[in-house]
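*Asks:* What follows is model19.tsv, made up of TSV, N, CA and C atoms:
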```tsv
chain	number	residue	atom	x	y	z
A	1	MET	N	1.88	90.81	57.68
A	1	MET	CA	1.46	91.82	58.63
A	1	MET	C	0.73	92.93	57.89
A	2	ARG	N	-0.44	93.24	58.37
A	2	ARG	CA	-1.21	94.33	57.76
A	2	ARG	C	-0.64	95.66	58.21
A	3	ASP	N	-0.46	96.56	57.25
A	3	ASP	CA	0.14	97.84	57.61
A	3	ASP	C	-0.62	99.04	57.04
A	4	ALA	N	-1.74	98.80	56.34
A	4	ALA	CA	-2.52	99.91	55.78
A	4	ALA	C	-3.90	99.91	56.42
A	5	ALA	N	-4.33	101.08	56.85
A	5	ALA	CA	-5.64	101.21	57.48
A	5	ALA	C	-6.71	101.50	56.44
A	6	ILE	N	-7.89	100.92	56.65
A	6	ILE	CA	-9.07	101.20	55.84
A	6	ILE	C	-10.18	101.56	56.83
A	7	ASN	N	-10.66	102.78	56.75
A	7	ASN	CA	-11.70	103.24	57.68
A	7	ASN	C	-12.97	103.51	56.91
A	8	LEU	N	-14.11	103.14	57.49
A	8	LEU	CA	-15.38	103.45	56.87
A	8	LEU	C	-16.46	103.58	57.92
A	9	ARG	N	-17.53	104.26	57.55
A	9	ARG	CA	-18.67	104.43	58.44
A	9	ARG	C	-19.80	103.55	57.92
A	10	ALA	N	-20.58	102.99	58.84
A	10	ALA	CA	-21.70	102.14	58.46
A	10	ALA	C	-22.86	102.41	59.41
A	11	ARG	N	-24.05	102.06	58.96
A	11	ARG	CA	-25.21	102.13	59.84
A	11	ARG	C	-25.13	100.97	60.83
A	12	ALA	N	-25.75	101.13	61.97
A	12	ALA	CA	-25.70	100.10	63.02
A	12	ALA	C	-26.21	98.76	62.50
A	13	GLU	N	-27.28	98.79	61.71
A	13	GLU	CA	-27.83	97.52	61.20
A	13	GLU	C	-26.88	96.85	60.21
A	14	GLN	N	-26.12	97.64	59.46
A	14	GLN	CA	-25.12	97.07	58.56
A	14	GLN	C	-24.00	96.39	59.35
A	15	ARG	N	-23.55	97.09	60.40
A	15	ARG	CA	-22.50	96.52	61.24
A	15	ARG	C	-22.96	95.22	61.89
A	16	GLU	N	-24.20	95.19	62.37
A	16	GLU	CA	-24.72	93.98	63.02
A	16	GLU	C	-24.83	92.83	62.02
A	17	LEU	N	-25.27	93.12	60.81
A	17	LEU	CA	-25.35	92.09	59.76
A	17	LEU	C	-23.96	91.51	59.48
A	18	ILE	N	-22.99	92.39	59.34
A	18	ILE	CA	-21.62	91.96	59.08
A	18	ILE	C	-21.09	91.13	60.25
A	19	ASP	N	-21.36	91.60	61.46
A	19	ASP	CA	-20.90	90.87	62.65
A	19	ASP	C	-21.54	89.48	62.73
A	20	GLN	N	-22.83	89.39	62.44
A	20	GLN	CA	-23.51	88.09	62.48
A	20	GLN	C	-22.90	87.13	61.47
A	21	ALA	N	-22.68	87.61	60.26
A	21	ALA	CA	-22.09	86.76	59.22
A	21	ALA	C	-20.67	86.35	59.60
A	22	ALA	N	-19.91	87.27	60.14
A	22	ALA	CA	-18.54	86.96	60.56
A	22	ALA	C	-18.55	85.89	61.65
A	23	ARG	N	-19.44	86.02	62.62
A	23	ARG	CA	-19.52	85.02	63.69
A	23	ARG	C	-19.87	83.64	63.14
A	24	LEU	N	-20.79	83.61	62.17
A	24	LEU	CA	-21.16	82.33	61.57
A	24	LEU	C	-19.96	81.63	60.95
A	25	LEU	N	-19.01	82.40	60.45
A	25	LEU	CA	-17.81	81.83	59.84
A	25	LEU	C	-16.64	81.74	60.81
A	26	GLY	N	-16.86	82.13	62.07
A	26	GLY	CA	-15.79	82.07	63.05
A	26	GLY	C	-14.70	83.09	62.80
A	27	LYS	N	-15.08	84.24	62.25
A	27	LYS	CA	-14.10	85.29	61.94
A	27	LYS	C	-14.44	86.56	62.70
A	28	ASN	N	-13.45	87.43	62.82
A	28	ASN	CA	-13.75	88.74	63.38
A	28	ASN	C	-14.22	89.66	62.25
A	29	ARG	N	-14.75	90.81	62.64
A	29	ARG	CA	-15.30	91.74	61.66
A	29	ARG	C	-14.26	92.16	60.62
A	30	SER	N	-13.08	92.50	61.06
A	30	SER	CA	-12.05	92.97	60.12
A	30	SER	C	-11.68	91.90	59.10
A	31	ASP	N	-11.43	90.68	59.59
A	31	ASP	CA	-11.08	89.60	58.67
A	31	ASP	C	-12.20	89.32	57.68
A	32	PHE	N	-13.44	89.30	58.20
A	32	PHE	CA	-14.59	89.04	57.33
A	32	PHE	C	-14.73	90.12	56.26
A	33	MET	N	-14.66	91.39	56.68
A	33	MET	CA	-14.84	92.49	55.73
A	33	MET	C	-13.71	92.54	54.71
A	34	LEU	N	-12.49	92.31	55.16
A	34	LEU	CA	-11.37	92.35	54.23
A	34	LEU	C	-11.47	91.22	53.21
A	35	GLU	N	-11.83	90.02	53.67
A	35	GLU	CA	-11.99	88.90	52.75
A	35	GLU	C	-13.11	89.15	51.75
A	36	ALA	N	-14.26	89.63	52.25
A	36	ALA	CA	-15.41	89.88	51.37
A	36	ALA	C	-15.09	90.98	50.35
A	37	ALA	N	-14.43	92.02	50.81
A	37	ALA	CA	-14.08	93.13	49.90
A	37	ALA	C	-13.08	92.68	48.85
A	38	CYS	N	-12.11	91.88	49.25
A	38	CYS	CA	-11.11	91.40	48.28
A	38	CYS	C	-11.74	90.46	47.26
A	39	GLU	N	-12.64	89.58	47.71
A	39	GLU	CA	-13.33	88.69	46.76
A	39	GLU	C	-14.12	89.50	45.75
A	40	LYS	N	-14.83	90.51	46.21
A	40	LYS	CA	-15.61	91.37	45.31
A	40	LYS	C	-14.68	92.13	44.36
A	41	ALA	N	-13.59	92.65	44.89
A	41	ALA	CA	-12.65	93.41	44.06
A	41	ALA	C	-12.03	92.52	42.98
A	42	GLN	N	-11.68	91.30	43.34
A	42	GLN	CA	-11.12	90.38	42.35
A	42	GLN	C	-12.14	90.08	41.25
A	43	GLY	N	-13.41	89.89	41.64
A	43	GLY	CA	-14.46	89.64	40.65
A	43	GLY	C	-14.62	90.81	39.70
A	44	VAL	N	-14.61	92.02	40.24
A	44	VAL	CA	-14.71	93.22	39.41
A	44	VAL	C	-13.54	93.29	38.45
A	45	MET	N	-12.35	93.04	38.96
A	45	MET	CA	-11.16	93.09	38.11
A	45	MET	C	-11.22	92.04	37.01
A	46	LEU	N	-11.65	90.83	37.34
A	46	LEU	CA	-11.72	89.78	36.34
A	46	LEU	C	-12.76	90.10	35.26
A	47	ASP	N	-13.81	90.81	35.64
A	47	ASP	CA	-14.83	91.21	34.67
A	47	ASP	C	-14.35	92.31	33.73
A	48	GLN	N	-13.27	92.95	34.08
A	48	GLN	CA	-12.76	94.08	33.30
A	48	GLN	C	-11.53	93.73	32.48
A	49	VAL	N	-11.29	92.46	32.29
A	49	VAL	CA	-10.10	92.04	31.56
A	49	VAL	C	-10.17	92.55	30.12
A	50	PHE	N	-9.09	93.11	29.67
A	50	PHE	CA	-8.98	93.66	28.32
A	50	PHE	C	-7.97	92.83	27.55
A	51	PHE	N	-8.30	92.49	26.34
A	51	PHE	CA	-7.31	91.84	25.50
A	51	PHE	C	-7.34	92.49	24.12
A	52	LYS	N	-6.21	92.49	23.49
A	52	LYS	CA	-6.06	93.19	22.21
A	52	LYS	C	-5.71	92.18	21.13
A	53	LEU	N	-6.38	92.30	20.00
A	53	LEU	CA	-6.13	91.42	18.85
A	53	LEU	C	-5.90	92.27	17.62
A	54	ASP	N	-5.02	91.79	16.76
A	54	ASP	CA	-4.87	92.48	15.48
A	54	ASP	C	-6.10	92.12	14.62
A	55	ALA	N	-6.23	92.77	13.47
A	55	ALA	CA	-7.44	92.60	12.65
A	55	ALA	C	-7.66	91.14	12.25
A	56	LYS	N	-6.61	90.45	11.87
A	56	LYS	CA	-6.74	89.05	11.44
A	56	LYS	C	-7.22	88.16	12.59
A	57	LYS	N	-6.61	88.32	13.75
A	57	LYS	CA	-6.98	87.51	14.91
A	57	LYS	C	-8.40	87.87	15.37
A	58	PHE	N	-8.79	89.15	15.25
A	58	PHE	CA	-10.14	89.56	15.64
A	58	PHE	C	-11.18	88.91	14.73
A	59	GLN	N	-10.90	88.86	13.43
A	59	GLN	CA	-11.82	88.20	12.51
A	59	GLN	C	-11.94	86.71	12.84
A	60	GLN	N	-10.83	86.08	13.15
A	60	GLN	CA	-10.84	84.67	13.52
A	60	GLN	C	-11.65	84.48	14.81
A	61	PHE	N	-11.46	85.35	15.76
A	61	PHE	CA	-12.20	85.31	17.02
A	61	PHE	C	-13.70	85.44	16.77
A	62	CYS	N	-14.09	86.38	15.91
A	62	CYS	CA	-15.51	86.59	15.59
A	62	CYS	C	-16.10	85.36	14.89
A	63	ARG	N	-15.33	84.74	14.00
A	63	ARG	CA	-15.82	83.53	13.32
A	63	ARG	C	-16.09	82.42	14.33
A	64	ILE	N	-15.20	82.28	15.28
A	64	ILE	CA	-15.39	81.25	16.30
A	64	ILE	C	-16.65	81.54	17.12
A	65	LEU	N	-16.84	82.79	17.50
A	65	LEU	CA	-18.02	83.15	18.29
A	65	LEU	C	-19.32	82.97	17.49
A	66	ASP	N	-19.26	83.26	16.20
A	66	ASP	CA	-20.45	83.19	15.36
A	66	ASP	C	-20.76	81.77	14.87
A	67	ALA	N	-19.80	80.88	14.98
A	67	ALA	CA	-20.01	79.50	14.50
A	67	ALA	C	-21.06	78.80	15.36
A	68	PRO	N	-21.81	77.88	14.75
A	68	PRO	CA	-22.79	77.12	15.55
A	68	PRO	C	-22.08	76.34	16.66
A	69	ALA	N	-22.76	76.21	17.76
A	69	ALA	CA	-22.19	75.48	18.89
A	69	ALA	C	-22.03	74.01	18.54
A	70	ARG	N	-20.95	73.44	18.99
A	70	ARG	CA	-20.74	72.02	18.80
A	70	ARG	C	-21.58	71.24	19.80
A	71	SER	N	-21.92	70.03	19.43
A	71	SER	CA	-22.69	69.18	20.33
A	71	SER	C	-21.86	68.90	21.59
A	72	ASN	N	-22.52	68.96	22.73
A	72	ASN	CA	-21.86	68.70	24.00
A	72	ASN	C	-22.75	67.77	24.80
A	73	VAL	N	-22.42	66.50	24.81
A	73	VAL	CA	-23.25	65.48	25.45
A	73	VAL	C	-23.48	65.80	26.92
A	74	GLY	N	-22.44	66.21	27.62
A	74	GLY	CA	-22.57	66.52	29.04
A	74	GLY	C	-23.52	67.67	29.28
A	75	LEU	N	-23.42	68.72	28.47
A	75	LEU	CA	-24.31	69.87	28.61
A	75	LEU	C	-25.75	69.47	28.27
A	76	ASP	N	-25.92	68.68	27.22
A	76	ASP	CA	-27.27	68.21	26.86
A	76	ASP	C	-27.90	67.43	28.00
A	77	ARG	N	-27.10	66.56	28.64
A	77	ARG	CA	-27.60	65.76	29.75
A	77	ARG	C	-27.97	66.67	30.94
A	78	LEU	N	-27.14	67.66	31.23
A	78	LEU	CA	-27.40	68.58	32.32
A	78	LEU	C	-28.68	69.39	32.07
A	79	LEU	N	-28.85	69.87	30.85
A	79	LEU	CA	-30.03	70.67	30.54
A	79	LEU	C	-31.31	69.85	30.52
A	80	ALA	N	-31.20	68.53	30.38
A	80	ALA	CA	-32.38	67.66	30.38
A	80	ALA	C	-32.90	67.39	31.78
A	81	VAL	N	-32.09	67.67	32.80
A	81	VAL	CA	-32.50	67.41	34.19
A	81	VAL	C	-33.42	68.53	34.65
A	82	LYS	N	-34.56	68.14	35.26
A	82	LYS	CA	-35.48	69.14	35.78
A	82	LYS	C	-34.89	69.79	37.02
A	83	ALA	N	-35.06	71.08	37.14
A	83	ALA	CA	-34.59	71.79	38.31
A	83	ALA	C	-35.37	71.33	39.53
A	84	PRO	N	-34.71	71.14	40.66
A	84	PRO	CA	-35.40	70.64	41.86
A	84	PRO	C	-36.54	71.54	42.31
A	85	TRP	N	-36.43	72.84	42.10
A	85	TRP	CA	-37.49	73.74	42.54
A	85	TRP	C	-38.75	73.62	41.68
A	86	ASN	N	-38.64	73.00	40.51
A	86	ASN	CA	-39.83	72.77	39.69
A	86	ASN	C	-40.64	71.58	40.19
A	87	ASN	N	-40.05	70.78	41.07
A	87	ASN	CA	-40.75	69.62	41.64
A	87	ASN	C	-40.97	69.80	43.13
A	88	ALA	N	-41.02	71.04	43.58
A	88	ALA	CA	-41.15	71.30	45.01
A	88	ALA	C	-42.45	70.72	45.53
A	89	PRO	N	-42.41	69.99	46.66
A	89	PRO	CA	-43.61	69.35	47.19
A	89	PRO	C	-44.68	70.35	47.62
A	90	GLY	N	-44.29	71.58	47.97
A	90	GLY	CA	-45.26	72.57	48.41
A	90	GLY	C	-46.07	73.19	47.27
A	91	LYS	N	-45.63	73.01	46.04
A	91	LYS	CA	-46.34	73.60	44.90
A	91	LYS	C	-47.50	72.72	44.49
A	92	ARG	N	-48.59	73.38	44.16
A	92	ARG	CA	-49.72	72.63	43.60
A	92	ARG	C	-49.38	72.24	42.17
A	93	LYS	N	-49.99	71.18	41.70
A	93	LYS	CA	-49.71	70.68	40.36
A	93	LYS	C	-49.94	71.76	39.31
A	94	SER	N	-50.99	72.56	39.48
A	94	SER	CA	-51.28	73.60	38.50
A	94	SER	C	-50.17	74.64	38.47
A	95	GLU	N	-49.56	74.95	39.64
A	95	GLU	CA	-48.46	75.90	39.68
A	95	GLU	C	-47.22	75.34	38.99
A	96	ARG	N	-46.96	74.04	39.19
A	96	ARG	CA	-45.80	73.42	38.54
A	96	ARG	C	-45.97	73.46	37.03
A	97	ASN	N	-47.18	73.21	36.54
A	97	ASN	CA	-47.41	73.22	35.10
A	97	ASN	C	-47.22	74.62	34.53
A	98	LYS	N	-47.63	75.66	35.28
A	98	LYS	CA	-47.45	77.03	34.79
A	98	LYS	C	-45.97	77.39	34.71
A	99	SER	N	-45.17	76.97	35.71
A	99	SER	CA	-43.75	77.33	35.69
A	99	SER	C	-42.98	76.55	34.63
A	100	ALA	N	-43.51	75.42	34.18
A	100	ALA	CA	-42.83	74.63	33.15
A	100	ALA	C	-43.05	75.20	31.77
A	101	SER	N	-44.07	76.03	31.60
A	101	SER	CA	-44.35	76.57	30.27
A	101	SER	C	-43.74	77.91	30.05
```
Let me see the structure of the file written as structure tokens.
*Replies:*
Amino acid sequence: MRDAAINLRARAEQRELIDQAARLLGKNRSDFMLEAACEKAQGVMLDQVFFKLDAKKFQQFCRILDAPARSNVGLDRLLAVKAPWNNAPGKRKSERNKSAS
């Protein structure tokens, strides 16, 4: 059960945008806004994670970061695939060649 109120003011066009998006997901405005705000808040919190290392562990951590990357067959295969937007049918051949360089 929700027991804390959150009040805010918005421009009419912002409210309409939020309402349209909520309807697309079959949600009401409150549920949509609360879910979106919580997802954003969790992302911000995860980006702010702090960890503490003693000097020895920090040096070990830095060595690992500075070491050359190990070969990763899956990543190599993924990076070898052309992005679909580089082969878009609407692009002229000359435009595709420019974006590849």
*Asks:* Just how far from atom C of Arg70 (chain A) is CA of Lys56 (chain A), in Å to one decimal?
*Replies:*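 Computing the Euclidean distance for CA of Lys56 (chain A) and atom C of Arg70 (chain A) yields 24.6 Å.
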*Asks:* Considering only alpha helix (DSSP H) as DSSP defines it on the backbone, what residues of chain A qualify? List them as a ChimeraX atom specification.
*Replies:* /A:12-24,29-47,55-66,73-80,93-100
*Asks:* If I take CA of Ala5 (chain A) and CA of Leu34 (chain A), how far is one from the other in Å, to one decimal?
*Replies:*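 Computed distance, CA of Ala5 (chain A) to CA of Leu34 (chain A), equals 11.0 Å.
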*Asks:* Between CA of Glu16 (chain A) and CA of Arg29 (chain A), what is the distance, to one decimal in Å?
*Replies:*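 Result for CA of Glu16 (chain A) versus CA of Arg29 (chain A): 9.8 Å, one decimal.
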*Asks:* Just the residues within 12 Å of Leu8 (chain A), please, counting only C-alpha atoms, with nothing from its chain fewer than 4 positions along; format it as JSON, numbers by chain.
*Replies:* {"A": [14, 15, 30, 33]}
